[in-house]
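For reference, final_12.txt is printed below; it contains compact mmCIF, C-alpha atoms.
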# COMPACT_ATOMS: atom_id res chain seq x y z
CA MET F 94 -0.98 -12.86 31.23
CA LYS F 95 -1.22 -9.23 32.20
CA TYR F 96 -2.60 -6.55 29.90
CA TYR F 97 -1.95 -2.83 29.80
CA GLN F 98 -3.76 0.16 28.44
CA LEU F 99 -1.41 2.01 26.08
CA ALA F 100 -1.73 5.70 26.90
CA VAL F 101 0.08 8.93 26.17
CA GLU F 102 2.56 10.01 28.82
CA GLU F 103 1.56 13.26 30.43
CA ASN F 104 4.44 15.71 30.51
CA GLU F 105 5.29 19.38 30.59
CA GLU F 106 6.61 19.47 27.03
CA LYS F 107 4.33 20.48 24.19
CA ASP F 108 3.33 17.59 21.97
CA VAL F 109 2.51 17.92 18.30
CA GLU F 110 -1.06 18.94 17.57
CA PHE F 111 -2.24 17.76 14.18
CA LYS F 112 -5.13 19.17 12.20
CA ASP F 113 -7.59 16.91 10.39
CA THR F 114 -6.21 18.22 7.10
CA ASP F 115 -2.74 16.93 8.07
CA LEU F 116 -3.86 13.34 8.43
CA PRO F 117 -5.03 10.50 6.16
CA ALA F 118 -8.49 10.52 7.75
CA PRO F 119 -10.53 12.61 10.20
CA GLU F 120 -9.23 12.45 13.78
CA LEU F 121 -12.27 10.55 15.07
CA ASP F 122 -11.94 7.90 12.34
CA LEU F 123 -8.38 7.25 13.53
CA ALA F 124 -9.22 7.50 17.23
CA TYR F 125 -11.98 4.89 16.87
CA GLY F 126 -10.11 2.64 14.45
CA TYR F 127 -12.42 2.79 11.43
CA ASP F 128 -11.16 0.76 8.46
CA LEU F 129 -9.23 3.00 6.08
CA SER F 130 -8.17 0.32 3.59
CA LYS F 131 -10.17 1.92 0.78
CA LYS F 132 -8.40 5.26 1.22
CA HIS F 133 -5.36 5.81 -0.97
CA VAL F 134 -2.81 7.61 1.15
CA ASP F 135 0.42 9.05 -0.19
CA LYS F 136 3.19 10.03 2.18
CA ILE F 137 1.92 12.97 4.16
CA SER F 138 4.18 15.94 4.86
CA ILE F 139 3.52 18.20 7.82
CA MET F 140 5.38 21.42 8.53
CA LEU F 141 5.55 22.36 12.21
CA ASP F 142 5.49 26.04 13.07
CA GLN F 143 7.95 25.44 15.91
CA ASP F 144 10.95 23.32 16.88
CA ILE F 145 10.01 20.39 19.04
CA ASN F 146 11.60 17.29 20.53
CA LEU F 147 9.55 14.42 19.18
CA LYS F 148 8.95 11.37 21.33
CA ASP F 149 8.31 7.89 19.95
CA TRP F 150 4.60 8.63 20.46
CA ALA F 151 4.42 12.18 19.16
CA SER F 152 0.81 13.25 19.63
CA THR F 153 -1.41 13.73 22.65
CA VAL F 154 -4.45 12.31 20.87
CA LEU F 155 -3.60 10.29 17.80
CA PRO F 156 -1.27 7.34 17.45
CA VAL F 157 1.54 9.13 15.60
CA VAL F 158 4.59 6.99 16.27
CA SER F 159 8.24 6.67 15.35
CA LYS F 160 9.50 3.92 13.06
CA LYS F 161 11.16 2.34 16.12
CA MET F 162 7.80 2.00 17.91
CA LEU F 163 6.00 0.83 14.76
CA ASP F 164 8.62 -1.86 14.11
CA ILE F 165 8.22 -3.24 17.64
CA ILE F 166 4.43 -3.36 17.33
CA LEU F 167 4.58 -5.04 13.91
CA SER F 168 6.94 -7.72 15.24
CA PHE F 169 4.12 -9.03 17.45
CA ASN F 170 0.74 -10.64 16.69
CA CYS F 171 -1.03 -7.50 15.54
CA LYS F 172 -3.33 -8.43 12.67
CA GLY F 173 -5.49 -5.66 11.32
CA ILE F 174 -3.21 -2.71 11.97
CA GLN F 175 -3.05 -0.08 9.24
CA TYR F 176 -0.33 2.53 9.15
CA PHE F 177 0.45 5.54 6.99
CA PRO F 178 3.80 7.36 6.65
CA ILE F 179 4.14 10.99 7.71
CA GLU F 180 7.15 13.21 7.20
CA ILE F 181 7.31 15.87 9.88
CA LYS F 182 9.43 18.94 9.16
CA ALA F 183 10.47 21.33 11.93
CA LEU F 184 11.44 24.98 11.65
CA ASN F 185 15.12 24.10 12.06
CA SER F 186 14.87 21.97 8.87
CA ASN F 187 15.00 18.67 10.76
CA LYS F 188 12.90 15.95 9.15
CA PHE F 189 11.35 13.06 11.05
CA ASP F 190 9.75 9.96 9.56
CA TYR F 191 6.72 8.97 11.60
CA TYR F 192 3.58 6.91 11.06
CA VAL F 193 -0.08 7.21 11.90
CA ILE F 194 -1.26 3.86 13.23
CA ASN F 195 -4.86 2.75 12.90
CA TYR F 196 -5.63 -0.09 15.32
CA LEU F 197 -8.47 -2.12 13.86
CA PRO F 198 -9.06 -5.20 15.99
CA SER F 199 -11.99 -4.40 18.27
CA LEU F 200 -12.82 -7.43 20.37
CA LYS F 201 -16.44 -8.00 21.37
CA LYS F 202 -16.13 -10.69 24.04
CA ALA F 203 -12.80 -9.92 25.75
CA LEU F 204 -14.25 -7.53 28.35
CA ASP F 205 -15.35 -9.23 31.57
CA VAL F 206 -18.28 -6.94 32.36
CA GLU F 207 -18.90 -8.50 35.80
CA ASN F 208 -15.35 -7.78 37.00
CA SER F 209 -14.81 -4.41 35.29
CA LYS F 210 -15.56 -1.07 36.88
CA ILE F 211 -18.19 0.56 34.69
CA LEU F 212 -19.97 3.89 35.16
CA LYS F 213 -23.57 3.59 34.06
CA ALA F 214 -24.84 6.27 31.70
CA PHE F 215 -27.58 8.44 33.15
CA MET F 216 -28.64 10.16 29.94
CA LYS F 217 -30.76 8.44 27.35
CA GLY F 218 -28.66 7.38 24.34
CA ALA F 219 -25.34 7.72 26.19
CA LYS F 220 -23.01 4.74 26.54
CA ASP F 221 -21.77 3.26 29.80
CA TYR F 222 -18.11 4.13 30.41
CA VAL F 223 -15.59 1.41 31.19
CA VAL F 224 -13.38 2.94 33.91
CA ILE F 225 -11.27 -0.10 34.76
CA PRO F 226 -11.54 -2.99 32.31
CA SER F 227 -11.04 -6.63 33.20
CA ILE F 228 -9.79 -8.64 30.22
CA ILE F 229 -10.62 -12.27 29.51
CA GLU F 230 -7.42 -13.69 28.08
CA SER F 231 -9.10 -16.59 26.25
CA GLU F 232 -11.12 -14.04 24.21
CA THR F 233 -8.16 -11.91 23.04
CA GLN F 234 -7.46 -14.18 20.04
CA ASN F 235 -3.82 -14.15 21.24
CA LEU F 236 -3.49 -10.61 19.87
CA ASP F 237 -0.78 -8.48 21.43
CA ILE F 238 -2.52 -5.21 20.59
CA PHE F 239 -6.27 -4.61 20.31
CA ARG F 240 -9.26 -2.53 21.33
CA LEU F 241 -12.24 -3.57 23.40
CA GLN F 242 -15.50 -2.80 21.64
CA GLN F 243 -17.03 -1.44 24.85
CA ALA F 244 -14.00 0.73 25.71
CA ASP F 245 -14.18 3.13 22.77
CA PHE F 246 -10.85 4.47 21.49
CA ARG F 247 -8.52 2.90 24.08
CA VAL F 248 -5.78 0.51 22.96
CA PHE F 249 -4.58 -2.48 24.98
CA VAL F 250 -1.34 -4.44 24.74
CA SER F 251 -0.16 -7.77 26.10
CA GLU F 252 2.50 -8.04 28.77
CA ARG F 253 4.93 -9.33 26.11
CA LEU F 254 4.49 -6.25 23.94
CA ALA F 255 4.56 -3.93 26.97
CA ASP F 256 7.85 -5.46 28.09
CA SER F 257 9.36 -4.94 24.62
CA LEU F 258 8.25 -1.30 24.54
CA LYS F 259 9.80 -0.74 27.99
CA LYS F 260 13.03 -2.55 27.05
CA ALA F 261 13.38 -0.41 23.91
CA GLN F 262 12.81 2.70 26.07
CA ILE F 263 9.96 3.92 23.88
CA SER F 264 9.28 7.52 24.90
CA GLY F 265 5.96 9.31 25.20
CA ILE F 266 3.90 6.32 26.37
CA ARG F 267 2.41 5.18 29.63
CA LEU F 268 1.39 1.58 30.30
CA ASP F 269 -1.46 1.26 32.81
CA GLU F 270 -2.05 -2.29 34.03
CA VAL F 271 -5.65 -3.49 33.72
CA ARG F 272 -7.42 -6.19 35.66
CA GLN F 273 -7.06 -9.82 34.69
CA SER F 274 -10.42 -11.53 34.62
CA PRO F 275 -10.89 -14.47 37.02
CA LYS F 276 -12.40 -16.21 33.97
CA THR F 277 -8.83 -16.31 32.61
CA LYS F 278 -7.49 -18.68 35.27
CA GLY F 279 -6.10 -21.86 33.77
CA VAL F 280 -5.77 -20.46 30.24
CA ARG F 281 -2.70 -21.70 28.40
CA ARG F 282 -0.77 -19.67 25.86
Represent the structure of the file as structure tokens.
Amino acid sequence: MKYYQLAVEENEEKDVEFKDTDLPAPELDLAYGYDLSKKHVDKISIMLDQDINLKDWASTVLPVVSKKMLDIILSFNCKGIQYFPIEIKALNSNKFDYYVINYLPSLKKALDVENSKILKAFMKGAKDYVVIPSIIESETQNLDIFRLQQADFRVFVSERLADSLKKAQISGIRLDEVRQSPKTKGVRR
């Protein structure tokens, strides 16, 4: 099975920039997938100071997604995902229902370190940076969406989920194929 890194599509249009006070948790807590189950979150309302065309992935940094994208993700094996509703209001009085997704599963053994491209940290206390990950399929717990503990805030999806996102023409995302570990050969799904 192939895996893809789920990334934000780079484009000329301005994406929504959210402030920490707009969201159910600080930006870094969401970017790194910290558990927010103990936080009580009511529906969040955000007023934009401009009109904007929202994509299915609406933010350059945080996973703020449309209901269409959320529904596709939730239809797959995605245990551990938390999501919080956001109502986005534009200057022209349009209202959009979106969600902040918090991806919790962070797999410890799914990165094939030997076959990944990793930049070694030169400074004391700094972490090595995984440039091109190689994923060991047998260690993914059959999840269709997950993080790799060594790859910080990045989110990875299975080929099945990637195909569904493409078929549904989800806007605002980019799917970058990652290496399949040779340790995966012969794995059955």
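Residue nearest F:Ile225 within the list F:Val193, F:Val271, F:Val157, F:Met140: F:Val271 [criterion: smallest interatomic distance, only C-alpha atoms].
In this model, the gap between atom CA of F:Glu252 and atom CA of F:Asp122 comes to 27.1 Å.
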**OP:** Write out as a ChimeraX atom specification the residues lying within 9 Å of F:Lys172, counting all atoms listed in the file and excluding same-chain residues fewer than 2 positions away.
**Re:** /F:167,169-170,174,197-198,236,238
Original post:
Which residue gives the smallest distance to F:Ile228 among F:Ala100, F:Ser264, F:Phe215, F:Glu270, with only C-alpha atoms counted?
Top reply: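 Among the listed residues, F:Glu270 lies closest to F:Ile228.
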**OP:** Would you mind telling me which residue in F:Leu147, F:Ile229, F:Leu163, F:Ala203 lies nearest to F:Phe189 when using all atoms listed in the file?
**Re:**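 Of F:Leu147, F:Ile229, F:Leu163, F:Ala203, the one nearest F:Phe189, counting all atoms listed in the file, is F:Leu147.
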For F:Lys160, list every protein, DNA or RNA residue within 10 Å, evaluated using only C-alpha atoms, and leave out those in the same chain fewer than 4 positions away; present the list as a PDB file with C-alpha atoms, keeping the file's coordinate frame.
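As written to disk, around-v5.pdb reads:
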ATOM      1  CA  ASP F 149       8.310   7.890  19.950  1.00  0.00           C
ATOM      2  CA  ASP F 164       8.620  -1.860  14.110  1.00  0.00           C
ATOM      3  CA  ILE F 165       8.220  -3.240  17.640  1.00  0.00           C
ATOM      4  CA  ILE F 166       4.430  -3.360  17.330  1.00  0.00           C
ATOM      5  CA  PRO F 178       3.800   7.360   6.650  1.00  0.00           C
ATOM      6  CA  PHE F 189      11.350  13.060  11.050  1.00  0.00           C
ATOM      7  CA  ASP F 190       9.750   9.960   9.560  1.00  0.00           C
ATOM      8  CA  TYR F 191       6.720   8.970  11.600  1.00  0.00           C
ATOM      9  CA  TYR F 192       3.580   6.910  11.060  1.00  0.00           C
TER      10      TYR F 192
END
Subject >> Selection: 8 Å around F:Met94, all atoms listed in the file, excl. self and same-chain fewer than 5 positions, as a ChimeraX atom specification >> reply: /F:230,251-252,273
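Minimum distance to F:Asp237 across F:Glu207, F:Asp269, F:Glu180, F:Asp256 (counting all atoms listed in the file) occurs at F:Asp256.
Computed from the coordinates, the atom CA of F:Leu204 to atom CA of F:Ser227 distance equals 5.9 Å.
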N, CA and C atoms modelled onto stretch 155-181 of chain F, as a short mmCIF file (atom, residue, chain, number, x, y, z; two decimals), keeping the file's coordinate frame:
data_model
loop_
_atom_site.label_atom_id
_atom_site.label_comp_id
_atom_site.auth_asym_id
_atom_site.auth_seq_id
_atom_site.Cartn_x
_atom_site.Cartn_y
_atom_site.Cartn_z
N LEU F 155 -3.65 11.33 18.83
CA LEU F 155 -3.60 10.29 17.80
C LEU F 155 -2.36 9.44 17.91
N PRO F 156 -2.44 8.21 17.43
CA PRO F 156 -1.27 7.34 17.45
C PRO F 156 -0.29 7.67 16.34
N VAL F 157 0.49 8.74 16.53
CA VAL F 157 1.54 9.13 15.60
C VAL F 157 2.83 8.67 16.24
N VAL F 158 3.47 7.67 15.62
CA VAL F 158 4.59 6.99 16.27
C VAL F 158 5.83 6.96 15.39
N SER F 159 6.96 6.79 16.06
CA SER F 159 8.24 6.67 15.35
C SER F 159 8.33 5.31 14.66
N LYS F 160 9.26 5.20 13.73
CA LYS F 160 9.50 3.92 13.06
C LYS F 160 9.92 2.86 14.08
N LYS F 161 10.71 3.26 15.07
CA LYS F 161 11.16 2.34 16.12
C LYS F 161 9.96 1.71 16.83
N MET F 162 8.98 2.53 17.21
CA MET F 162 7.80 2.00 17.91
C MET F 162 6.96 1.14 16.97
N LEU F 163 6.77 1.60 15.75
CA LEU F 163 6.00 0.83 14.76
C LEU F 163 6.63 -0.54 14.53
N ASP F 164 7.95 -0.58 14.36
CA ASP F 164 8.62 -1.86 14.11
C ASP F 164 8.41 -2.84 15.26
N ILE F 165 8.45 -2.35 16.49
CA ILE F 165 8.22 -3.24 17.64
C ILE F 165 6.79 -3.78 17.60
N ILE F 166 5.83 -2.92 17.37
CA ILE F 166 4.43 -3.36 17.33
C ILE F 166 4.23 -4.39 16.23
N LEU F 167 4.79 -4.13 15.04
CA LEU F 167 4.58 -5.04 13.91
C LEU F 167 5.30 -6.38 14.09
N SER F 168 6.24 -6.45 15.02
CA SER F 168 6.94 -7.72 15.24
C SER F 168 6.12 -8.68 16.12
N PHE F 169 4.99 -8.21 16.61
CA PHE F 169 4.12 -9.03 17.45
C PHE F 169 2.86 -9.43 16.68
N ASN F 170 2.00 -10.23 17.30
CA ASN F 170 0.74 -10.64 16.69
C ASN F 170 -0.21 -9.44 16.72
N CYS F 171 -0.29 -8.76 15.58
CA CYS F 171 -1.03 -7.50 15.54
C CYS F 171 -1.87 -7.38 14.28
N LYS F 172 -2.54 -8.47 13.91
CA LYS F 172 -3.33 -8.43 12.67
C LYS F 172 -4.31 -7.26 12.65
N GLY F 173 -4.51 -6.72 11.49
CA GLY F 173 -5.49 -5.66 11.32
C GLY F 173 -4.99 -4.25 11.53
N ILE F 174 -3.71 -4.07 11.78
CA ILE F 174 -3.21 -2.71 11.97
C ILE F 174 -2.91 -2.08 10.61
N GLN F 175 -3.37 -0.87 10.44
CA GLN F 175 -3.05 -0.08 9.24
C GLN F 175 -2.11 1.03 9.69
N TYR F 176 -1.20 1.41 8.80
CA TYR F 176 -0.33 2.53 9.15
C TYR F 176 0.00 3.31 7.89
N PHE F 177 0.22 4.61 8.09
CA PHE F 177 0.45 5.54 6.99
C PHE F 177 1.65 6.41 7.32
N PRO F 178 2.60 6.55 6.37
CA PRO F 178 3.80 7.36 6.65
C PRO F 178 3.51 8.86 6.70
N ILE F 179 4.22 9.53 7.59
CA ILE F 179 4.14 10.99 7.71
C ILE F 179 5.57 11.51 7.81
N GLU F 180 5.87 12.52 7.05
CA GLU F 180 7.15 13.21 7.20
C GLU F 180 6.87 14.51 7.94
N ILE F 181 7.51 14.67 9.08
CA ILE F 181 7.31 15.87 9.88
C ILE F 181 8.55 16.74 9.73
#
